[in-house]
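K.L.:
Following this line is work-v3.csv, made up of CSV, C-alpha atoms:
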chain,number,residue,atom,x,y,z
A,21,MET,CA,29.1,14.3,-18.3
A,22,SER,CA,29.0,13.4,-22.0
A,23,ALA,CA,26.0,13.8,-24.2
A,24,GLN,CA,25.7,10.1,-24.8
A,25,VAL,CA,25.7,9.3,-21.1
A,26,LEU,CA,23.0,11.9,-20.5
A,27,LEU,CA,20.9,10.5,-23.3
A,28,SER,CA,21.3,6.9,-22.0
A,29,LEU,CA,20.3,8.0,-18.5
A,30,ASN,CA,17.3,9.8,-19.8
A,31,THR,CA,16.2,6.8,-21.8
A,32,LEU,CA,16.4,4.7,-18.6
A,33,VAL,CA,14.4,7.3,-16.7
A,34,ALA,CA,11.8,7.2,-19.6
A,35,VAL,CA,11.5,3.4,-19.4
A,36,LEU,CA,10.9,3.6,-15.6
A,37,PHE,CA,8.4,6.5,-16.1
A,38,LEU,CA,6.5,4.3,-18.5
A,39,LEU,CA,6.6,1.4,-16.1
A,40,THR,CA,5.0,3.5,-13.4
A,41,ALA,CA,2.0,4.0,-15.7
A,42,PHE,CA,1.6,0.2,-16.1
A,43,MET,CA,1.9,-0.2,-12.3
A,44,LEU,CA,-0.8,2.4,-11.8
A,45,ILE,CA,-3.1,0.3,-13.9
A,46,SER,CA,-2.4,-2.8,-11.9
A,47,ALA,CA,-2.4,-1.1,-8.4
A,48,ARG,CA,-5.2,-2.4,-6.1
A,49,GLN,CA,-4.7,0.0,-3.1
A,50,ALA,CA,-5.1,3.7,-3.0
A,51,GLN,CA,-1.9,4.2,-0.9
A,52,ALA,CA,0.1,2.3,-3.6
A,53,VAL,CA,-1.3,4.6,-6.3
A,54,LEU,CA,-0.1,7.6,-4.2
A,55,TYR,CA,3.4,6.1,-3.9
A,56,LEU,CA,3.5,5.4,-7.7
A,57,TYR,CA,2.5,9.0,-8.4
A,58,VAL,CA,5.3,10.2,-6.2
A,59,ALA,CA,7.8,8.0,-8.1
A,60,GLN,CA,6.4,9.3,-11.3
A,61,GLY,CA,6.9,12.9,-10.2
A,62,LEU,CA,10.5,12.2,-9.2
A,63,LEU,CA,11.3,10.5,-12.5
A,64,LEU,CA,9.7,13.5,-14.3
A,65,ALA,CA,11.9,15.9,-12.4
A,66,LEU,CA,15.0,13.7,-13.0
A,67,SER,CA,14.4,13.7,-16.7
A,68,THR,CA,14.0,17.5,-16.6
A,69,VAL,CA,17.4,17.8,-14.9
A,70,LEU,CA,19.0,15.5,-17.5
A,71,LEU,CA,17.5,17.5,-20.3
A,72,ALA,CA,18.7,20.7,-18.7
A,73,LEU,CA,22.2,19.4,-18.8
A,74,HIS,CA,21.8,18.2,-22.3
A,75,PHE,CA,20.4,21.4,-23.7
A,76,HIS,CA,22.4,23.7,-21.3
A,77,SER,CA,19.1,25.3,-20.3
A,78,PRO,CA,19.0,27.1,-16.9
A,79,GLU,CA,15.2,27.4,-17.3
A,80,LEU,CA,14.8,23.6,-17.2
A,81,PHE,CA,16.7,23.5,-13.9
A,82,ILE,CA,14.1,25.9,-12.4
A,83,VAL,CA,11.3,23.8,-13.9
A,84,ALA,CA,12.8,20.7,-12.3
A,85,ALA,CA,12.8,22.4,-8.9
A,86,ILE,CA,9.2,23.4,-9.3
A,87,THR,CA,8.3,19.9,-10.4
A,88,ILE,CA,9.9,18.4,-7.3
A,89,ALA,CA,8.1,20.8,-5.0
A,90,ALA,CA,4.7,20.3,-6.6
A,91,LYS,CA,4.3,16.8,-7.8
A,92,PRO,CA,6.2,14.4,-5.4
A,93,ILE,CA,5.8,16.7,-2.3
A,94,ALA,CA,3.0,19.3,-2.2
A,95,ILE,CA,0.3,17.3,-4.0
A,96,PRO,CA,0.8,14.0,-2.0
A,97,LEU,CA,0.9,15.9,1.2
A,98,LEU,CA,-2.4,17.6,0.3
A,99,ILE,CA,-4.0,14.3,-0.5
A,100,ASN,CA,-2.7,12.7,2.7
A,101,ARG,CA,-4.1,15.5,4.7
A,102,LEU,CA,-7.5,15.8,3.0
A,103,LEU,CA,-8.3,12.1,2.7
A,104,SER,CA,-8.8,9.8,5.7
A,105,PRO,CA,-6.3,7.0,6.4
A,106,ALA,CA,-9.0,4.4,6.0
A,107,LEU,CA,-9.8,5.7,2.6
A,108,ARG,CA,-6.2,5.7,1.5
A,109,ARG,CA,-5.6,2.2,2.7
A,110,ARG,CA,-8.8,0.6,1.3
A,111,ARG,CA,-8.6,-1.7,-1.7
A,112,GLU,CA,-9.8,0.1,-4.8
A,113,LEU,CA,-11.2,-2.9,-6.8
A,114,SER,CA,-13.9,-1.3,-8.8
A,115,THR,CA,-12.8,-1.4,-12.4
A,116,ALA,CA,-14.6,-1.8,-15.7
A,117,ILE,CA,-12.4,-4.8,-16.6
A,118,GLY,CA,-10.1,-7.2,-14.8
A,119,ILE,CA,-6.5,-6.2,-14.1
A,120,PRO,CA,-5.0,-8.9,-16.5
A,121,SER,CA,-7.2,-7.8,-19.3
A,122,ALA,CA,-6.5,-4.1,-18.6
A,123,LEU,CA,-2.7,-4.7,-18.7
A,124,THR,CA,-3.0,-6.6,-22.0
A,125,LEU,CA,-5.0,-3.8,-23.5
A,126,ALA,CA,-2.6,-1.2,-22.1
A,127,LEU,CA,0.3,-3.0,-23.7
A,128,LEU,CA,-1.3,-3.1,-27.1
A,129,LEU,CA,-2.3,0.6,-26.8
A,130,SER,CA,1.4,1.4,-25.9
A,131,VAL,CA,2.7,-0.4,-28.9
A,132,VAL,CA,0.3,1.3,-31.2
A,133,ALA,CA,0.9,4.7,-29.7
A,134,TYR,CA,4.7,4.3,-29.8
A,135,ALA,CA,4.6,3.2,-33.4
A,136,VAL,CA,2.5,6.2,-34.3
A,137,ALA,CA,4.7,8.6,-32.4
A,138,ARG,CA,8.1,7.5,-33.7
A,139,PRO,CA,7.6,8.8,-37.3
A,140,LEU,CA,6.3,12.1,-36.0
A,141,VAL,CA,9.5,12.8,-34.1
A,142,ALA,CA,11.9,11.4,-36.8
A,143,GLY,CA,14.9,13.7,-37.3
A,144,GLN,CA,14.5,15.4,-33.9
A,145,ASP,CA,17.1,15.4,-31.1
A,146,PRO,CA,17.4,11.9,-29.6
A,147,ALA,CA,16.3,13.3,-26.2
A,148,ALA,CA,13.2,14.9,-27.8
A,149,THR,CA,12.4,11.7,-29.6
A,150,THR,CA,12.5,9.7,-26.4
A,151,ASN,CA,10.5,12.1,-24.3
A,152,LEU,CA,7.9,12.8,-26.9
A,153,SER,CA,7.3,9.1,-27.7
A,154,ILE,CA,7.1,8.0,-24.0
A,155,GLY,CA,5.1,11.1,-23.0
A,156,LEU,CA,2.5,10.4,-25.6
A,157,VAL,CA,2.2,6.7,-24.5
A,158,VAL,CA,1.9,7.6,-20.8
A,159,SER,CA,-0.8,10.2,-21.6
A,160,LEU,CA,-2.8,7.7,-23.5
A,161,LEU,CA,-2.4,5.2,-20.7
A,162,GLY,CA,-3.7,7.8,-18.3
A,163,VAL,CA,-6.8,8.2,-20.5
A,164,PHE,CA,-7.2,4.4,-20.5
A,165,LEU,CA,-6.8,4.4,-16.7
A,166,LEU,CA,-9.4,7.0,-16.4
A,167,ALA,CA,-11.8,4.9,-18.5
A,168,ILE,CA,-11.4,1.7,-16.5
A,169,ARG,CA,-11.3,3.0,-13.0
A,170,ARG,CA,-14.6,3.6,-11.2
A,171,GLU,CA,-13.3,5.0,-7.9
A,172,ALA,CA,-12.9,8.7,-7.5
A,173,LEU,CA,-9.3,8.6,-6.1
A,174,PRO,CA,-7.8,6.4,-8.9
A,175,GLN,CA,-9.6,8.6,-11.4
A,176,LEU,CA,-7.9,11.7,-9.9
A,177,PHE,CA,-4.5,10.0,-10.3
A,178,ALA,CA,-5.4,9.1,-13.9
A,179,LEU,CA,-6.0,12.7,-14.7
A,180,MET,CA,-2.6,13.6,-13.1
A,181,THR,CA,-0.9,10.8,-15.1
A,182,ILE,CA,-2.2,12.4,-18.3
A,183,ASP,CA,-0.8,15.7,-17.1
A,184,ASN,CA,2.6,14.0,-16.3
A,185,GLY,CA,2.7,12.4,-19.7
A,186,VAL,CA,2.1,15.8,-21.5
A,187,PHE,CA,4.7,17.4,-19.2
A,188,PHE,CA,7.2,14.7,-19.9
A,189,ALA,CA,6.8,15.3,-23.7
A,190,GLY,CA,6.8,19.1,-23.3
A,191,ILE,CA,10.1,19.5,-21.5
A,192,ALA,CA,11.9,18.0,-24.5
A,193,ILE,CA,10.6,20.6,-27.0
A,194,THR,CA,10.3,23.8,-25.1
A,195,THR,CA,12.1,25.8,-22.4
A,196,SER,CA,9.1,27.7,-21.1
A,197,SER,CA,9.7,30.4,-18.6
A,198,ALA,CA,9.8,29.4,-14.9
A,199,LEU,CA,6.9,31.8,-14.3
A,200,VAL,CA,4.6,29.9,-16.6
A,201,GLU,CA,5.6,26.5,-15.1
A,202,PHE,CA,5.2,27.9,-11.6
A,203,ALA,CA,1.6,29.1,-12.4
A,204,ALA,CA,0.9,25.7,-13.9
A,205,ALA,CA,2.1,23.9,-10.8
A,206,LEU,CA,0.0,26.1,-8.5
A,207,GLU,CA,-3.0,25.5,-10.7
A,208,GLY,CA,-2.4,21.8,-10.4
A,209,VAL,CA,-2.2,21.9,-6.7
A,210,MET,CA,-5.5,23.8,-6.5
A,211,VAL,CA,-7.2,21.3,-8.8
A,212,VAL,CA,-6.0,18.4,-6.7
A,213,MET,CA,-7.3,20.2,-3.5
A,214,ILE,CA,-10.7,20.7,-5.0
A,215,VAL,CA,-11.0,17.1,-6.3
A,216,ALA,CA,-9.6,15.6,-3.1
A,217,LEU,CA,-12.2,17.6,-1.1
A,218,LEU,CA,-14.9,16.3,-3.4
A,219,ALA,CA,-13.7,12.7,-3.0
A,220,ARG,CA,-13.7,13.2,0.8
A,221,THR,CA,-17.2,14.5,0.6
A,222,ILE,CA,-18.4,11.5,-1.4
A,223,ALA,CA,-16.7,9.1,1.0
A,224,LEU,CA,-18.3,10.8,4.0
A,225,THR,CA,-21.7,10.9,2.4
A,226,LEU,CA,-21.9,7.5,0.8
A,227,GLY,CA,-19.2,5.6,2.7
A,228,SER,CA,-17.4,4.9,-0.6
A,229,THR,CA,-15.8,6.8,-3.4
A,230,ASP,CA,-17.4,4.6,-6.0
A,231,THR,CA,-18.9,7.1,-8.5
A,232,GLY,CA,-21.3,4.4,-9.7
A,233,ALA,CA,-23.2,5.0,-6.4
A,234,LEU,CA,-24.0,8.5,-7.6
A,235,ASP,CA,-25.7,7.1,-10.7
A,236,ALA,CA,-27.7,4.7,-8.7
A,237,LEU,CA,-28.8,7.5,-6.4
A,238,ARG,CA,-29.8,9.7,-9.3
A,239,GLU,CA,-31.8,6.8,-10.8
A,240,ARG,CA,-33.7,6.3,-7.6
A,241,GLU,CA,-34.5,10.0,-7.4
A,242,ASP,CA,-35.8,10.1,-11.0
A,243,LYS,CA,-38.3,7.3,-10.3
A,244,PRO,CA,-41.8,8.6,-9.3
Using structure tokens, write down the structure from this file.
P.N.:
Amino acid sequence: MSAQVLLSLNTLVAVLFLLTAFMLISARQAQAVLYLYVAQGLLLALSTVLLALHFHSPELFIVAAITIAAKPIAIPLLINRLLSPALRRRRELSTAIGIPSALTLALLLSVVAYAVARPLVAGQDPAATTNLSIGLVVSLLGVFLLAIRREALPQLFALMTIDNGVFFAGIAITTSSALVEFAAALEGVMVVMIVALLARTIALTLGSTDTGALDALREREDKP
């Protein structure tokens, strides 16, 4: 496969990867958020494979295998097992702003982030330019998603979106050893397990994963 074809395919994957971030912002159901995270993990792994072919890097093939095992498979399975079906299916509507406004702000944020990132990667390999720019944009969208969501489960996926964006950018500029990436994947699984257990505890205790309920509870306890 020629280098130009690999670069074109990687650009297409990057666009779809960015699209998943926008879809996460507009998603209204927890199960849809989970499916989008799986798609994001698969696209991340696919980009890693394409870059492995482009850079002739055996290490990136190993990283791709680890990514597939952790992000689209292990983490969603853990969440499915730890969270009740009712909680996964319920509509997560608690946001700081409306979805149309959120998408508009996200689009503006993406344009600004992309414009800032492009000069920073000028002169780099075309693959690195694509991944670094899109990775930065997705990471910032993850931060934005974390700020506007008020439900514990979407906030969890916002954190993982930030991680995916950083990972997407990182695979273009480094060929870290498989051991380091394997340790990072295991750490991610453990973090997800802990946060998912916390979300389940909140849901069982309060009947909701709305973190605003915790603030209200604390205010009532502080009153004499």
K.L.:
Looking at A:Leu165, A:Ile82, A:Ile193, A:Ala72, which one is nearest to Ala122 of chain A, with distances taken over only C-alpha atoms?
P.N.:
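Looking only at the distances to Ala122 of chain A, the closest residue turns out to be A:Leu165.
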K.L.:
Select, from A:Thr87, A:Ser153, A:Thr115, A:Thr124, the residue with the minimum atom-to-atom distance to Arg169 of chain A, counting only C-alpha atoms.
P.N.:
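Checking each of A:Thr87, A:Ser153, A:Thr115, A:Thr124 against Arg169 of chain A, counting only C-alpha atoms, the winner is A:Thr115.
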K.L.:
Residues within 7 Å of Val186 of chain A, please, as a list in words. Count only C-alpha atoms; anything in the same chain fewer than 3 positions from it doesn't count.
P.N.:
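These residues fall inside the cut-off: Gly155, Leu156, Ser159, Ile182, Asp183, Ala189 and Gly190 of chain A.
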K.L.:
Within 12 Å of (13.9, 3.6, -23.2), in the coordinates the file gives, what residues turn up when you count all atoms listed in the file, written out as a PyMOL selection string?
P.N.:
chain A and resi 27-39+134+146-147+149-155
K.L.:
Interatomic distance between atom CA of Pro78 of chain A and atom CA of Pro96 of chain A?
P.N.:
26.9 Å
K.L.:
When you draw a straight line from atom CA of Tyr55 of chain A to atom CA of Ile119 of chain A, how long is it in Å?
P.N.:
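Between atom CA of Tyr55 of chain A and atom CA of Ile119 of chain A the gap works out to 18.8 Å.
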K.L.:
Report, in Å with one decimal, the straight-line distance from atom CA of Leu64 of chain A to atom CA of Phe187 of chain A.
P.N.:
8.0 Å
K.L.:
A:Leu125, A:Leu71, A:Ile86, A:Leu80: which is nearest Asp145 of chain A, counting all atoms listed in the file?
P.N.:
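Comparing A:Leu125, A:Leu71, A:Ile86, A:Leu80 against Asp145 of chain A, the winner is A:Leu71.
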K.L.:
My list of candidates is A:Val141, A:Leu123, A:Leu128, A:Ala135. Which is closest to Ala47 of chain A when distances are computed with all atoms listed in the file?
P.N.:
A:Leu123
K.L.:
Quick one: of A:Leu70, A:Val163, A:Leu173, A:Val158, who's nearest to Ile191 of chain A, counting all atoms listed in the file?
P.N.:
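Checking each of A:Leu70, A:Val163, A:Leu173, A:Val158 against Ile191 of chain A, counting all atoms listed in the file, the winner is A:Leu70.
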K.L.:
From the set A:Ala126, A:Val136, A:Ala65, A:Ile168, which residue has the shortest atom-to-atom contact distance to Met43 of chain A, counting only C-alpha atoms?
P.N.:
A:Ala126
K.L.:
Using all atoms listed in the file, determine which residues lie at most 8 Å from Phe177 of chain A, disregarding the query and same-chain residues fewer than 3 positions distant; provide the list as a list in words.
P.N.:
Val53, Leu54, Tyr57, Leu173, Pro174, Met180 and Thr181 of chain A
